[in-house]
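Asker: Below is one structure. I have some questions about it.
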Amino acid sequence: MATLYILYGSATGNAEGIALDLAEKPLPSHFSSVVCEPMENFKKLSKHWSEPPSSGKKHGLILISSTTGNGDPPENASRFVRYLKRKQTGDALPFQHCVFSVLGLGDTNYDQFCAIGKLLDKRMPEVGGIRAKPLACADEATGLEDTVEPFMDTVLSDIEKACIHGESSHKTLAEKKKEDAQEDARSEPPVAEPDQNTATGTTEVASSEPKATASAVPEPEQATATESSPVVSEPPAQSDSPLFILYGSATGNAEEIAKGLAATYESILSNPDSKTFFPSVVCCEADQFKKKCLPIWETQPLNGTKHGLIVVASTTGNGDPPENCERFIRFLKRKQAVESQPLRHVQYSVLGLGDTNYDQFCHNGKTIDKKLAELGGTRAVPLSCADEATGLEDVVEPWTDKVLFKITNACRGSGDIAPPKIEKPTTRTAANQEAEEEKKAEIVEQRSDSRSESAGLRTVRSLLKIPDNTPMTKVEFSLLPSLKASRSSCELFHDDESEVPVSSTMDDRATISTSSSGSQNYSMSRPFEAQILTAKYLTNSSIDGAAKACEQLGSDGLLTDKAAMGARQVLDAQFPLEGEDSGILERNGKRVIEMSLSLPDDYTLEYQPGDAVGLMVANSPEAVVFVLDMLRNKHGLHPEQKVSIDSTEPISVEEAIRERMDLSCVIKSKRTLFTLAQFATDEEEKNALHMLSCKKEESDFLFNEYVVNQRRSAVDIFRDFPSLQNITLEGLVSVLPPIAPRYYSISSSPLENRDELSLSVAFSVVDYLTPSLVVNGKERGRRRIQGVATGYLEVLCSPLLCNFAEAPPMPRVKIFPKPTAEFRMPSNLATPVVLIGPGTGIAPFMGFLSHRRALLSSTDSTNAANTVVEGTWRGGYELEAQDLPVGDKDASGLSVGADFRSQQQVGGVDVFFGCRHADHDWLFKDELQTLKKQGIVTTLYTAFSRDTTTREYVQDIMKNHDDCKRRLTDLILHQNASVYICGEGNHMARDVQATMASLLAANLEGDQTPEAGKAYVEEMKKRGKLVLDIWS
């Protein structure tokens, strides 16, 4: 006898409930038994349905699945869906003895409506199954029961009939493809660019401005040849090459945008009803172009078409390319490349990311856009430049909404075809919608009597001045933002699975970066695990907290989350930010640490003064513990269970939560918040989240007050809106961005202490309170926010900060070099130098000064002097070991700089430093004063803004001190001094440059207008005489 199998994929329980109800119905006589299981258990069942029943007929198979996220399968269906997609599955025909029927559950408010149900229904005949009845799609927006009940009434009898009388449909697959092609030739649909506002649904065409980022890019309508029209060779229906999307990313923004585009196009490809021009998409780091892209770019595409290329590139430092984009840009700049025109068959579009606080705004994007054209490429879409200072999304979202559609048309050779305006279909009448809203209001009213509202819901109501327990108004669909495309995918492995996917591109990702020495092999994708060797407060901060924090740390060197949280609480208690003495509180919030880190003993990680070091960051222990508990309680996931993200080598769930997604930083985008809202199972909470993220004017106020000003992270949102805690691991991976590395300027020189391979960095411990936010008489603001990286580093440094004798070895930190090409000292020691570095901006200059002291302290001063005179000194590593610096004890009593200058001309060094209090945050005070005594620093200017009634900053010293004013203008105008500015860019760097322009204008020959002063400063930048290293 045959068996009836009922498999379900369920996220919220609807599909599971329907399957169980169906399993309890009386069985038709053809079936001897019924098996009802989640789809993930298919393997143990497959051995039964792979053989025909004893009756010689067919088994029955009913598939019931919902669709989650951006068209994704529920977690308990993902393995089955992947199994169906495999080519090997299609070859094996494992369902040739089965008759099937599919019920899909979805919501027409979402774009990928019933995407998984449709995929199952499409794929089953291709793997041997016989369709017993057409696919049924139930709409949660109008009521599942309208479709579910008729389906349940008839599906068992339909399945039985097909099992007894059906014939295999697999043999018609090739015929079906041929028929489809013939049908396409007879009638092509009109070109339309569908709307993409949601994550689950069929492609819908918008009636207003269309968005091409999450729906099919259909074929243009083809003209039918007639006797009177000339015979023209039509472009092919599909390209023979993939769509290439390259990214150059330092902090993860460019990578996120690129992968979002790729995920959008992949979702288009998975839609059986879509007709796409590119058959696939390749998304990778720009530096992988040679292996993955160039061979195809250089080939002649099909008749009249072009290869498609999209590049998303950020700019780091003072115009430097990201590490994973350096080789690509070098290739574009080669003269030989221009001569060979390797991109003559390519249509391209470039998105540049930058920050207008930097002079070289979007420099790499502009360079790539220009060079691609010089190498033969054709610009399909004009260059777009997004500004992080004002908000990337203002440029990024309109660009991503259009670029796929435009580059498709350009590559296809169809020109800029405007999609027709087609009214968006609706499935609900006004009366039905009104009744639905009334029903939801009744449900909300019943809920309010039985349970208290969530903290997030109460806050939104209070900010909007909505009375308690009043139903949240549902936001109009047209006012909701577009969903973020899935950033990444993940695959969970169970104990019974032995297959372990390893990405073919893993070796490609471990790129070898090069620096001045050419021997580096550490990068962001392959960091070095450094030990913290020393640490000290540069501020006048008490070490009592560090000593007490050590009591929380383990003695075995294994820092648990519990121990780290305990140590953090002790430090917070030692440095309170609330109280009566504002002076003490201000100092408590200003803590700066210098730490030294070990380097490889084989000299494979080298640096020069001016370089920075990148630090790989993990989520806070609190966030990790919360999310691991959430996944364990809601989905039964164990921290040690294995998961593969984007088909890379499997890691534990705990490692994925700790290191692969940003749980701790503030949510920056409404789109991210809206995408998270799709996982809310409480209708009122979902409506509140929609209000926070929509395009209404009051939403901007809400988002700024509740999210931005209060610095709320994803974990904060999960806490405040508990129904979001049903989100799966796949949902987290697909929505949340990766954790961006943190970069710190190196404050040491490789020429000092060469017997100890190390480098030093200085960082401020980020620690502050958010503004007040009162909700129903209760304070919900004044939240203590700490830096994800610096707060954890302070815990790790605690034993070293207090010289704890019994300190266990702390966990190592992952670092990688970030060389710079611009922020370098002059190659000639005779060039005067002006260093302007308030606050932690002084850190890289300490490396400059240490390096200069090492050079001037060389025992072979005659050789050094000759080198200076010849002008060939590079400030690198050309000295022999015996020519390297003497130690401080050897130089005791020597004024090395003055001694050297007495024999040879060496430029002076003027240093400007500023902070709030001379007795608290004068960083490197002793070191700077020693350098001045030794003659390394010629003049030291200091400004302490809170120690006087009138606040004075470094730019005020330049303006108001006559001696300083005269010396600075003389150094710049007459001695060709090199000026360096490092520190905060929004105010300090701009004010300093404005002051310099004003001073110089008054001393210029001829034109002394303010514009002339500004022009002179800009000319200094172009000549490399004014170099900035600033941050927002």
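Ligands are numbered from 1 in the order shown, residues from 1 within each chain, and chains are lettered A, B, ... in the order they appear in the structure tokens.
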Which residues, written as a PyMOL selection string, have at least one atom at most 7 Å from Met524 of chain A, with only C-alpha atoms counted and residues fewer than 2 positions away on the same chain left out?
Answerer: chain A and resi 526-527+816
Asker: Near Thr539 of chain A, within 6 Å and counting only C-alpha atoms, which residues show up once chain neighbours fewer than 4 positions away are dropped, as a list of chain:residue names?
Answerer: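 Everything that qualifies: A:Arg591, A:Val592, A:His920, A:Asp921.
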Asker: Give me the residues near Val617 of chain A as a list in words, where near means some atom within 12 Å (using only C-alpha atoms) and where sequence neighbours in that chain fewer than 5 positions away do not count.
Answerer: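 The filter keeps Thr251, Met524, Pro527, Arg658, Glu659, Arg660, Met661, Asp662, Leu663, Ser664, Cys665, Pro738, Ile739, Ala740, Pro741, Arg742, Tyr743, Gly787, Val788, Ala789, Thr790, Gly791, Tyr792, Leu793, Arg812, Val813, Lys814, Ile815 and Phe816 of chain A.
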Asker: Pick the closest to Leu751 of chain A from A:Arg1023, A:Lys1014, A:Lys133, A:Arg853: which is it, counting only C-alpha atoms?
Answerer: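 Smallest distance to Leu751 of chain A is found for A:Arg853.
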Asker: Measuring atom to atom with only C-alpha atoms, identify which of A:Val906, A:His638, A:Asp355, A:Lys778 is nearest to Gly985 of chain A.
Answerer: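 Among the listed residues, A:Asp355 lies closest to Gly985 of chain A.
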Asker: Could you give me, as a list of chain:residue names, the residues within 9 Å of Thr995 of chain A, counting only C-alpha atoms and dropping anything in the same chain fewer than 4 positions from it?
Answerer: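 My list of contacting residues is A:Gln955, A:Asp956, A:Met958, A:Lys959, A:Arg990, A:Asp991, A:Leu999, A:Leu1000.
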Asker: Pull all heavy atoms from the residues just selected and write them as a PDB file, in the first residue's frame.
Answerer:
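Just written: out.pdb:
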```pdb
ATOM      1  N   GLN A 955      43.590  76.523  17.069  1.00  0.00           N
ATOM      2  CA  GLN A 955      43.466  77.559  16.046  1.00  0.00           C
ATOM      3  C   GLN A 955      43.474  78.958  16.665  1.00  0.00           C
ATOM      4  O   GLN A 955      43.886  79.936  16.010  1.00  0.00           O
ATOM      5  CB  GLN A 955      42.210  77.355  15.193  1.00  0.00           C
ATOM      6  CG  GLN A 955      40.896  77.425  15.942  1.00  0.00           C
ATOM      7  CD  GLN A 955      40.446  76.050  16.402  1.00  0.00           C
ATOM      8  OE1 GLN A 955      41.268  75.172  16.614  1.00  0.00           O
ATOM      9  NE2 GLN A 955      39.138  75.876  16.551  1.00  0.00           N
ATOM     10  N   ASP A 956      43.047  79.061  17.937  1.00  0.00           N
ATOM     11  CA  ASP A 956      43.085  80.362  18.608  1.00  0.00           C
ATOM     12  C   ASP A 956      44.521  80.781  18.920  1.00  0.00           C
ATOM     13  O   ASP A 956      44.854  81.974  18.893  1.00  0.00           O
ATOM     14  CB  ASP A 956      42.258  80.308  19.898  1.00  0.00           C
ATOM     15  CG  ASP A 956      40.790  80.040  19.620  1.00  0.00           C
ATOM     16  OD1 ASP A 956      40.244  80.680  18.697  1.00  0.00           O
ATOM     17  OD2 ASP A 956      40.194  79.187  20.297  1.00  0.00           O
ATOM     18  N   MET A 958      47.040  80.063  17.040  1.00  0.00           N
ATOM     19  CA  MET A 958      47.550  80.550  15.756  1.00  0.00           C
ATOM     20  C   MET A 958      47.099  81.973  15.475  1.00  0.00           C
ATOM     21  O   MET A 958      47.866  82.805  14.950  1.00  0.00           O
ATOM     22  CB  MET A 958      47.060  79.633  14.625  1.00  0.00           C
ATOM     23  CG  MET A 958      47.529  78.204  14.720  1.00  0.00           C
ATOM     24  SD  MET A 958      46.783  77.210  13.398  1.00  0.00           S
ATOM     25  CE  MET A 958      47.399  75.577  13.822  1.00  0.00           C
ATOM     26  N   LYS A 959      45.874  82.292  15.820  1.00  0.00           N
ATOM     27  CA  LYS A 959      45.330  83.616  15.511  1.00  0.00           C
ATOM     28  C   LYS A 959      45.761  84.692  16.498  1.00  0.00           C
ATOM     29  O   LYS A 959      46.021  85.831  16.117  1.00  0.00           O
ATOM     30  CB  LYS A 959      43.788  83.546  15.501  1.00  0.00           C
ATOM     31  CG  LYS A 959      43.197  82.813  14.321  1.00  0.00           C
ATOM     32  CD  LYS A 959      41.680  82.932  14.284  1.00  0.00           C
ATOM     33  CE  LYS A 959      41.023  82.206  15.445  1.00  0.00           C
ATOM     34  NZ  LYS A 959      39.541  82.194  15.326  1.00  0.00           N
ATOM     35  N   ARG A 990      38.543  71.731  10.016  1.00  0.00           N
ATOM     36  CA  ARG A 990      38.053  72.821   9.176  1.00  0.00           C
ATOM     37  C   ARG A 990      38.436  74.179   9.753  1.00  0.00           C
ATOM     38  O   ARG A 990      38.825  75.102   9.025  1.00  0.00           O
ATOM     39  CB  ARG A 990      36.538  72.711   9.030  1.00  0.00           C
ATOM     40  CG  ARG A 990      36.097  71.511   8.201  1.00  0.00           C
ATOM     41  CD  ARG A 990      34.604  71.481   8.010  1.00  0.00           C
ATOM     42  NE  ARG A 990      34.210  70.374   7.144  1.00  0.00           N
ATOM     43  CZ  ARG A 990      32.958  70.124   6.770  1.00  0.00           C
ATOM     44  NH1 ARG A 990      31.981  70.897   7.207  1.00  0.00           N
ATOM     45  NH2 ARG A 990      32.693  69.107   5.987  1.00  0.00           N
ATOM     46  N   ASP A 991      38.317  74.324  11.080  1.00  0.00           N
ATOM     47  CA  ASP A 991      38.656  75.604  11.710  1.00  0.00           C
ATOM     48  C   ASP A 991      40.152  75.904  11.565  1.00  0.00           C
ATOM     49  O   ASP A 991      40.536  77.061  11.331  1.00  0.00           O
ATOM     50  CB  ASP A 991      38.279  75.569  13.191  1.00  0.00           C
ATOM     51  CG  ASP A 991      36.764  75.540  13.405  1.00  0.00           C
ATOM     52  OD1 ASP A 991      36.040  75.851  12.439  1.00  0.00           O
ATOM     53  OD2 ASP A 991      36.324  75.206  14.517  1.00  0.00           O
ATOM     54  N   LEU A 999      45.522  83.610   7.899  1.00  0.00           N
ATOM     55  CA  LEU A 999      46.873  84.089   8.207  1.00  0.00           C
ATOM     56  C   LEU A 999      47.705  84.237   6.945  1.00  0.00           C
ATOM     57  O   LEU A 999      48.444  85.218   6.770  1.00  0.00           O
ATOM     58  CB  LEU A 999      47.554  83.120   9.180  1.00  0.00           C
ATOM     59  CG  LEU A 999      46.956  82.992  10.583  1.00  0.00           C
ATOM     60  CD1 LEU A 999      47.727  81.951  11.384  1.00  0.00           C
ATOM     61  CD2 LEU A 999      46.970  84.332  11.299  1.00  0.00           C
ATOM     62  N   LEU A1000      47.609  83.264   6.080  1.00  0.00           N
ATOM     63  CA  LEU A1000      48.421  83.294   4.857  1.00  0.00           C
ATOM     64  C   LEU A1000      47.968  84.406   3.931  1.00  0.00           C
ATOM     65  O   LEU A1000      48.805  85.066   3.278  1.00  0.00           O
ATOM     66  CB  LEU A1000      48.340  81.940   4.146  1.00  0.00           C
ATOM     67  CG  LEU A1000      48.939  80.750   4.907  1.00  0.00           C
ATOM     68  CD1 LEU A1000      48.669  79.451   4.168  1.00  0.00           C
ATOM     69  CD2 LEU A1000      50.443  80.942   5.123  1.00  0.00           C
TER      70      LEU A1000
END
```
Asker: What is the atom CA of Gly60 of chain A to atom CA of Thr108 of chain A distance in Å?
Answerer: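 Computed distance, atom CA of Gly60 of chain A to atom CA of Thr108 of chain A, equals 29.2 Å.
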Asker: Between A:Lys696, A:Arg458, A:Lys275, A:His987, which one has atoms that come closest to Gln238 of chain A, using only C-alpha atoms?
Answerer: A:Lys275
Asker: For Leu480 of chain A, work out the shell of residues within 9 Å, counting only C-alpha atoms and skipping chain neighbours fewer than 4 positions away, then give it as a list in words.
Answerer: Asn197, Thr198, Val475, Glu476, Arg671, Phe674, His690, Met691, Ser693, Cys694, Lys695 and Lys696 of chain A
Asker: Save the residues we just selected, C-alpha atoms, as a PDB file, in the first residue's frame?
Answerer:
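selection34.pdb, written as the output of this step:
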```pdb
ATOM      1  CA  ASN A 197       8.880  47.345  -1.419  1.00  0.00           C
ATOM      2  CA  THR A 198       8.716  44.043   0.313  1.00  0.00           C
ATOM      3  CA  VAL A 475       1.152  52.706   7.723  1.00  0.00           C
ATOM      4  CA  GLU A 476       0.147  52.974   4.098  1.00  0.00           C
ATOM      5  CA  ARG A 671      15.498  50.235   5.777  1.00  0.00           C
ATOM      6  CA  PHE A 674      11.853  48.059   8.419  1.00  0.00           C
ATOM      7  CA  HIS A 690       6.646  50.541  10.475  1.00  0.00           C
ATOM      8  CA  MET A 691       5.877  53.968  11.919  1.00  0.00           C
ATOM      9  CA  SER A 693      10.833  53.408   9.601  1.00  0.00           C
ATOM     10  CA  CYS A 694       8.330  54.873   7.124  1.00  0.00           C
ATOM     11  CA  LYS A 695       8.539  58.018   5.006  1.00  0.00           C
ATOM     12  CA  LYS A 696       6.153  60.138   7.076  1.00  0.00           C
TER      13      LYS A 696
END
```
